[in-house]
Structures are given as C-alpha cells and as structure tokens.
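With mmCIF, C-alpha atoms and all ligand atoms inside, this is data00.cif:
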```cif
data_query
loop_
_atom_site.label_atom_id
_atom_site.label_comp_id
_atom_site.auth_asym_id
_atom_site.auth_seq_id
_atom_site.Cartn_x
_atom_site.Cartn_y
_atom_site.Cartn_z
CA MET A 236 26.01 115.42 32.46
CA GLY A 237 27.63 113.77 29.41
CA ASN A 238 29.45 110.55 30.22
CA LYS A 239 31.02 111.75 33.43
CA SER A 240 29.56 109.65 36.19
CA PHE A 241 27.76 111.57 38.92
CA LYS A 242 29.22 110.62 42.27
CA LEU A 243 27.09 110.19 45.37
CA GLY A 244 28.31 110.13 48.96
CA ILE A 245 25.76 108.74 51.38
CA LEU A 246 25.68 109.26 55.16
CA VAL A 247 23.90 106.66 57.27
CA SER A 248 23.42 105.70 60.90
CA GLY A 249 21.16 102.66 60.84
CA ARG A 250 19.03 100.27 58.81
CA GLY A 251 19.83 101.67 55.37
CA SER A 252 16.58 100.89 53.55
CA ASN A 253 16.74 104.23 51.70
CA LEU A 254 20.34 103.42 50.80
CA SER A 255 19.15 100.08 49.36
CA ALA A 256 16.44 101.87 47.38
CA ILE A 257 19.08 104.16 45.87
CA MET A 258 21.32 101.18 45.05
CA ASP A 259 18.37 99.35 43.45
CA SER A 260 17.50 102.38 41.39
CA ILE A 261 21.09 102.60 40.10
CA ASP A 262 21.07 98.86 39.32
CA ARG A 263 17.83 99.26 37.35
CA LYS A 264 19.48 102.14 35.46
CA GLU A 265 16.74 104.52 36.56
CA LEU A 266 19.36 106.63 38.31
CA ASN A 267 22.51 107.47 36.38
CA ALA A 268 24.93 107.81 39.28
CA GLU A 269 27.53 105.94 41.24
CA ILE A 270 27.82 105.59 45.02
CA THR A 271 31.50 106.29 45.64
CA LEU A 272 31.32 106.25 49.44
CA VAL A 273 28.95 105.42 52.28
CA LEU A 274 29.92 106.85 55.66
CA SER A 275 28.45 105.78 58.98
CA ASN A 276 28.77 107.18 62.50
CA LYS A 277 27.57 103.82 63.88
CA LYS A 278 29.81 100.78 63.71
CA GLU A 279 26.98 98.26 63.82
CA ALA A 280 24.73 100.04 61.29
CA PRO A 281 23.02 97.38 59.12
CA ALA A 282 23.55 99.85 56.25
CA LEU A 283 27.28 99.03 56.35
CA GLN A 284 26.52 95.33 55.98
CA LYS A 285 24.37 96.16 52.94
CA CYS A 286 27.35 97.96 51.38
CA ARG A 287 29.70 95.05 52.00
CA ALA A 288 27.18 92.65 50.44
CA ARG A 289 26.99 94.77 47.29
CA GLY A 290 30.61 95.85 46.98
CA ILE A 291 29.96 99.52 47.71
CA PRO A 292 32.86 101.36 49.41
CA SER A 293 31.93 102.16 52.99
CA LEU A 294 33.58 103.46 56.11
CA PHE A 295 32.73 103.75 59.79
CA LEU A 296 34.22 106.82 61.42
CA ASP A 297 33.93 106.78 65.20
CA PRO A 298 32.82 110.17 66.59
CA LYS A 299 34.55 109.25 69.87
CA SER A 300 37.94 109.28 68.12
CA TYR A 301 37.69 112.99 67.30
CA GLY A 302 37.99 116.14 69.42
CA GLY A 303 34.43 117.28 68.69
CA LYS A 304 31.73 117.70 66.09
CA ALA A 305 33.67 120.17 63.90
CA GLU A 306 36.73 117.92 63.83
CA TYR A 307 34.63 114.83 63.09
CA ASP A 308 32.76 116.55 60.30
CA LEU A 309 36.00 117.76 58.72
CA ALA A 310 37.13 114.13 58.63
CA LEU A 311 33.88 113.26 56.82
CA VAL A 312 34.45 116.11 54.35
CA LYS A 313 37.99 114.87 53.71
CA GLU A 314 36.77 111.34 52.91
CA LEU A 315 33.99 112.64 50.64
CA ARG A 316 36.36 114.98 48.80
CA ALA A 317 38.86 112.14 48.31
CA LYS A 318 36.09 110.31 46.45
CA SER A 319 35.15 113.42 44.40
CA VAL A 320 31.57 113.33 45.64
CA ASP A 321 29.17 115.60 43.69
CA LEU A 322 26.19 115.23 46.02
CA VAL A 323 25.90 114.21 49.68
CA CYS A 324 22.71 112.30 50.52
CA LEU A 325 21.68 111.84 54.13
CA ALA A 326 19.82 108.55 54.43
CA GLY A 327 18.81 108.04 58.04
CA TYR A 328 21.89 109.93 59.27
CA MET A 329 20.85 110.79 62.82
CA LYS A 330 23.57 113.29 63.70
CA LEU A 331 23.36 117.03 63.07
CA LEU A 332 25.92 118.35 60.61
CA SER A 333 28.22 121.18 61.65
CA ASP A 334 28.15 124.54 59.87
CA GLU A 335 31.65 123.69 58.58
CA PHE A 336 30.33 120.57 56.84
CA ILE A 337 27.40 122.46 55.36
CA SER A 338 29.56 125.26 53.99
CA SER A 339 31.98 122.70 52.50
CA PHE A 340 29.17 121.21 50.40
CA ARG A 341 26.85 124.23 50.16
CA GLY A 342 23.79 123.42 48.05
CA LYS A 343 25.04 119.87 47.54
CA ILE A 344 23.58 118.13 50.59
CA ILE A 345 20.10 116.63 50.63
CA ASN A 346 18.08 114.75 53.21
CA ILE A 347 14.91 112.69 53.37
CA HIS A 348 12.63 113.33 56.31
CA PRO A 349 9.52 111.31 57.28
CA SER A 350 6.98 114.16 57.42
CA LEU A 351 5.60 116.93 55.26
CA LEU A 352 7.98 119.70 56.27
CA PRO A 353 7.79 122.24 57.78
CA SER A 354 5.49 120.13 59.97
CA PHE A 355 7.19 117.82 62.44
CA PRO A 356 10.93 118.41 61.99
CA GLY A 357 13.51 116.63 64.13
CA LEU A 358 13.20 113.26 65.79
CA SER A 359 10.19 110.87 65.76
CA ALA A 360 8.38 112.76 63.01
CA GLN A 361 5.82 109.97 62.53
CA LYS A 362 4.94 109.97 66.25
CA GLN A 363 4.70 113.78 66.20
CA ALA A 364 2.17 113.54 63.34
CA LEU A 365 0.08 110.92 65.19
CA ASP A 366 0.18 112.87 68.46
CA TYR A 367 -0.87 116.06 66.70
CA GLY A 368 -3.75 114.26 65.00
CA VAL A 369 -3.18 115.28 61.38
CA LYS A 370 -4.96 113.19 58.73
CA PHE A 371 -2.15 113.28 56.19
CA SER A 372 1.59 113.10 56.54
CA GLY A 373 4.32 111.91 54.19
CA CYS A 374 7.95 112.48 53.39
CA THR A 375 10.10 115.34 52.15
CA VAL A 376 13.37 115.48 50.24
CA HIS A 377 15.04 118.80 50.96
CA PHE A 378 18.32 120.64 50.73
CA VAL A 379 20.19 120.76 54.01
CA ASP A 380 21.00 124.12 55.55
CA GLU A 381 22.15 125.05 59.05
CA GLY A 382 18.71 124.57 60.62
CA ILE A 383 16.96 121.35 61.63
CA ASP A 384 15.10 120.16 58.52
CA THR A 385 14.64 123.76 57.35
CA GLY A 386 16.26 123.78 53.89
CA PRO A 387 14.37 124.28 50.61
CA VAL A 388 11.94 121.48 49.73
CA ILE A 389 12.77 119.48 46.60
CA MET A 390 9.95 116.89 46.49
CA GLN A 391 7.23 115.57 48.78
CA SER A 392 4.89 112.58 48.87
CA VAL A 393 1.63 112.56 50.80
CA VAL A 394 0.43 109.59 52.86
CA PRO A 395 -2.98 109.24 54.57
CA ILE A 396 -3.21 108.56 58.30
CA TYR A 397 -5.87 106.05 59.34
CA ASP A 398 -7.64 105.76 62.69
CA ALA A 399 -6.06 102.36 63.32
CA ASP A 400 -2.51 103.60 62.76
CA ASP A 401 0.22 103.33 65.32
CA GLU A 402 3.75 104.65 64.90
CA GLU A 403 4.95 101.47 63.24
CA LYS A 404 2.14 101.26 60.69
CA LEU A 405 2.45 104.90 59.74
CA SER A 406 6.26 104.71 59.54
CA GLN A 407 5.99 101.73 57.20
CA ARG A 408 3.48 103.49 54.92
CA ILE A 409 5.71 106.58 54.77
CA LEU A 410 8.84 104.47 54.24
CA GLU A 411 7.38 102.88 51.10
CA GLN A 412 6.96 106.37 49.67
CA GLU A 413 10.47 107.36 50.76
CA HIS A 414 11.90 104.49 48.74
CA SER A 415 10.46 105.81 45.49
CA LEU A 416 10.74 109.54 46.27
CA TYR A 417 14.42 109.67 47.23
CA PRO A 418 15.85 108.00 44.10
CA LYS A 419 13.49 110.08 41.96
CA ALA A 420 14.64 113.34 43.59
CA ILE A 421 18.31 112.34 43.21
CA HIS A 422 17.69 111.45 39.55
CA THR A 423 16.16 114.87 38.92
CA LEU A 424 19.12 116.60 40.60
CA VAL A 425 21.61 114.48 38.63
CA GLU A 426 19.91 115.61 35.44
CA GLY A 427 20.33 119.23 36.54
CA ARG A 428 16.59 119.81 36.45
CA ILE A 429 16.20 121.39 39.90
CA GLN A 430 16.62 125.13 40.04
CA LEU A 431 16.66 127.07 43.28
CA GLU A 432 14.78 130.38 43.31
CA GLY A 433 14.90 131.82 46.81
CA ARG A 434 13.36 129.15 49.02
CA ARG A 435 11.48 127.55 46.14
CA THR A 436 12.83 124.79 43.94
CA ILE A 437 11.58 124.78 40.38
CA GLN A 438 11.64 121.52 38.47
CA LYS A 439 12.33 121.68 34.76
CA ALA A 440 10.56 119.15 32.58
CA GLU A 441 12.49 116.22 31.13
CA ASN A 442 14.02 116.92 27.70
CA SER A 443 13.18 120.60 27.95
C1 LIG A 501 13.80 107.06 57.39
O1 LIG A 501 12.43 106.98 57.71
C2 LIG A 501 14.23 108.50 57.24
O2 LIG A 501 13.25 109.31 56.65
C3 LIG A 501 14.44 108.88 58.67
O3 LIG A 501 15.05 107.76 59.26
C4 LIG A 501 14.66 106.60 58.56
C5 LIG A 501 15.90 105.88 58.09
O4 LIG A 501 15.58 104.63 57.57
N1 LIG A 501 15.24 110.04 58.79
C6 LIG A 501 15.07 110.96 59.74
O5 LIG A 501 14.23 110.87 60.60
C7 LIG A 501 16.04 112.12 59.66
N2 LIG A 501 15.66 113.13 60.57
P1 LIG A 501 16.63 103.82 56.70
O6 LIG A 501 17.95 103.78 57.50
O7 LIG A 501 16.03 102.46 56.56
O8 LIG A 501 16.79 104.53 55.39
#
```
Would you mind giving the structure from this file in structure tokens?
Ligand code: GAR
Amino acid sequence: MGNKSFKLGILVSGRGSNLSAIMDSIDRKELNAEITLVLSNKKEAPALQKCRARGIPSLFLDPKSYGGKAEYDLALVKELRAKSVDLVCLAGYMKLLSDEFISSFRGKIINIHPSLLPSFPGLSAQKQALDYGVKFSGCTVHFVDEGIDTGPVIMQSVVPIYDADDEEKLSQRILEQEHSLYPKAIHTLVEGRIQLEGRRTIQKAENS
C-alpha cells in the first residue's frame, strides 16, 4: 500500500458498534486505514452520533427524498466516489443495495453478518439459529454480490449456543466476535492479502 492511506466508506443504519470497533482498531494502529465517510439511511442512527463525537465525516441521506432505490443508491455512490473510497464496509446497514451500487464498487463491498453463512441469511439471523436448534453459530465477513448474504466468505468466527440462550444473549456473544473479526478482515484486505479464486478467498500469510 505504501504511504497512500486506504480509504474506507462505511454504511450504517443503527447502533454502530461495529463502526466503533473499526474506529478503535484504527486508533490503536492495528488497522492502517482512514474512514473518509460514514453514510446512514436513518437520521436518528446512534452511529451518526458516534461519528460526530469522534470527528468522522458522516452524512444522512433520506431515502424518501429520492425517486427510488436505484436513484438513492446512485447518490450514495456519488458521495463515496467524492471521498475516493477504496472499500465500502456495511456495518449494520439494513437496506439491500441495488445492482447499480454493486456494479459501481464490484469486489470492493464487504458486509458482516451475524451467522455462519450460508446458514441463516437475511434478517434476525440469531433468532433463526436458535429456532433451528443449531449448537454453534457465529459471524461472517463476506464480499457483497447481488444476492442476500451470498457473496464469497472472507472470514468467520464460531460461537457456541447454550441451552439457556435467548436471542439477546446469543446476539451479544456473536457481537463480541464481530468486533474483533471485522477490523481483522478489513486489515487483511487493506494489506492486499485476500485473493479471490472462484467462490473461495485465499488468505496470504503476513510478510509473504
Ligand atoms: C450486527 O450484529 C451485524 O452483524 C448485523 O446488525 C448488527 C449491527 O450492529 N447485520 C446484519 O444483520 C446485516 N444483515 P451495530 O450497528 O452495532 O454494528
């Protein structure tokens, strides 16, 4: 990467705890990148407050002010391009991206999802895992393609499910793993150590 700073654009809709984990990782110099823009589709997202508190550029774009999903997403693309974003990270962004958005940043959009994909894609992944009765779940960082949580897997963390778990307890246990997995996956991408071979991602060793 040399000295050129790697620019992250982050899309959020809510709490923003993964966003905070990424910011913390940058502050600790474990992740050599810069967040040049955080975009939210929700005005009241606590994630936006977190940006203001830490001086990170952020913007709320109201979906209701645009003619439709394609038009809204093109506005997002415009903002991200204006900030020369190298990688788009979805961090609790609860809106599906249009094909236009995905082709604008092909191979440069990643997401974190609270299950071991391809199990339990979509909404309420933790509840889906409990309802199904699996004994392990976890989280997945993956590339975003046109499907719902279907893109190539980059990294996963496994979390046990206990008999006493409810949705909240399991979500919390998974979330703790998300907070270390997401910055680690971004770091590995920033270092150019993730190679895509078909659907598989191959991780090159550090200093190799
Ligand atoms: C996280 O658990 C993330 O994995 C999940 O939403 C939560 C956002 O929390 N994302 C999805 O379910 C995407 N389909 P955060 O706003 O505190 O990072």
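Residues in contact with ligand LIG 501 (chain A) comprise A:Gly249, A:Arg250, A:Gly251, A:Ser252, A:Asn253, A:Leu254, A:Ala326, A:Gly327, A:Met329, A:Ile347, A:His348, A:Pro349, A:Gly357, A:Leu358, A:Leu410, where contact means an atom-to-atom distance of at most 6 Å counting all atoms listed in the file.
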| What's the 7 Å shell around region 309-325 of chain A, counting all atoms listed in the file, without same-chain residues fewer than 5 positions away, as a PyMOL selection string? | chain A and resi 241-247+271-272+336+343-347
With C-alpha atoms retained, could you export that selection as a compact mmCIF listing (two decimals), keeping the file's coordinate frame?
```txt
# COMPACT_ATOMS: atom_id res chain seq x y z
CA PHE A 241 27.76 111.57 38.92
CA LYS A 242 29.22 110.62 42.27
CA LEU A 243 27.09 110.19 45.37
CA GLY A 244 28.31 110.13 48.96
CA ILE A 245 25.76 108.74 51.38
CA LEU A 246 25.68 109.26 55.16
CA VAL A 247 23.90 106.66 57.27
CA THR A 271 31.50 106.29 45.64
CA LEU A 272 31.32 106.25 49.44
CA PHE A 336 30.33 120.57 56.84
CA LYS A 343 25.04 119.87 47.54
CA ILE A 344 23.58 118.13 50.59
CA ILE A 345 20.10 116.63 50.63
CA ASN A 346 18.08 114.75 53.21
CA ILE A 347 14.91 112.69 53.37
```
| message | Calculated over all atoms listed in the file, which of the candidates A:Leu296, A:Val394, A:Ile291, A:Cys374 has the smallest distance to Asn276 (chain A)? | response |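 Comparing A:Leu296, A:Val394, A:Ile291, A:Cys374 against Asn276 (chain A), the winner is A:Leu296.
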| Which of these residues is nearest to Lys439 (chain A), using all atoms listed in the file: A:Ser339, A:Ser406, A:Asn267, A:Thr423? |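 Answer, going by the shortest atom-to-atom distance: A:Thr423.
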| Point-to-point distance in Å for CA of Tyr367 (chain A) and CA of His414 (chain A) |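 Interatomic distance here is 24.9 Å.
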| task | Please measure the separation of CA of Met258 (chain A) and CA of Glu413 (chain A), giving the value in Å to one decimal. | result |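 That distance, rounded to one decimal, is 13.7 Å.
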| request: Record the distance separating CA of Lys370 (chain A) and CA of Pro418 (chain A), expressed in Å with one decimal. | output: 26.0 Å
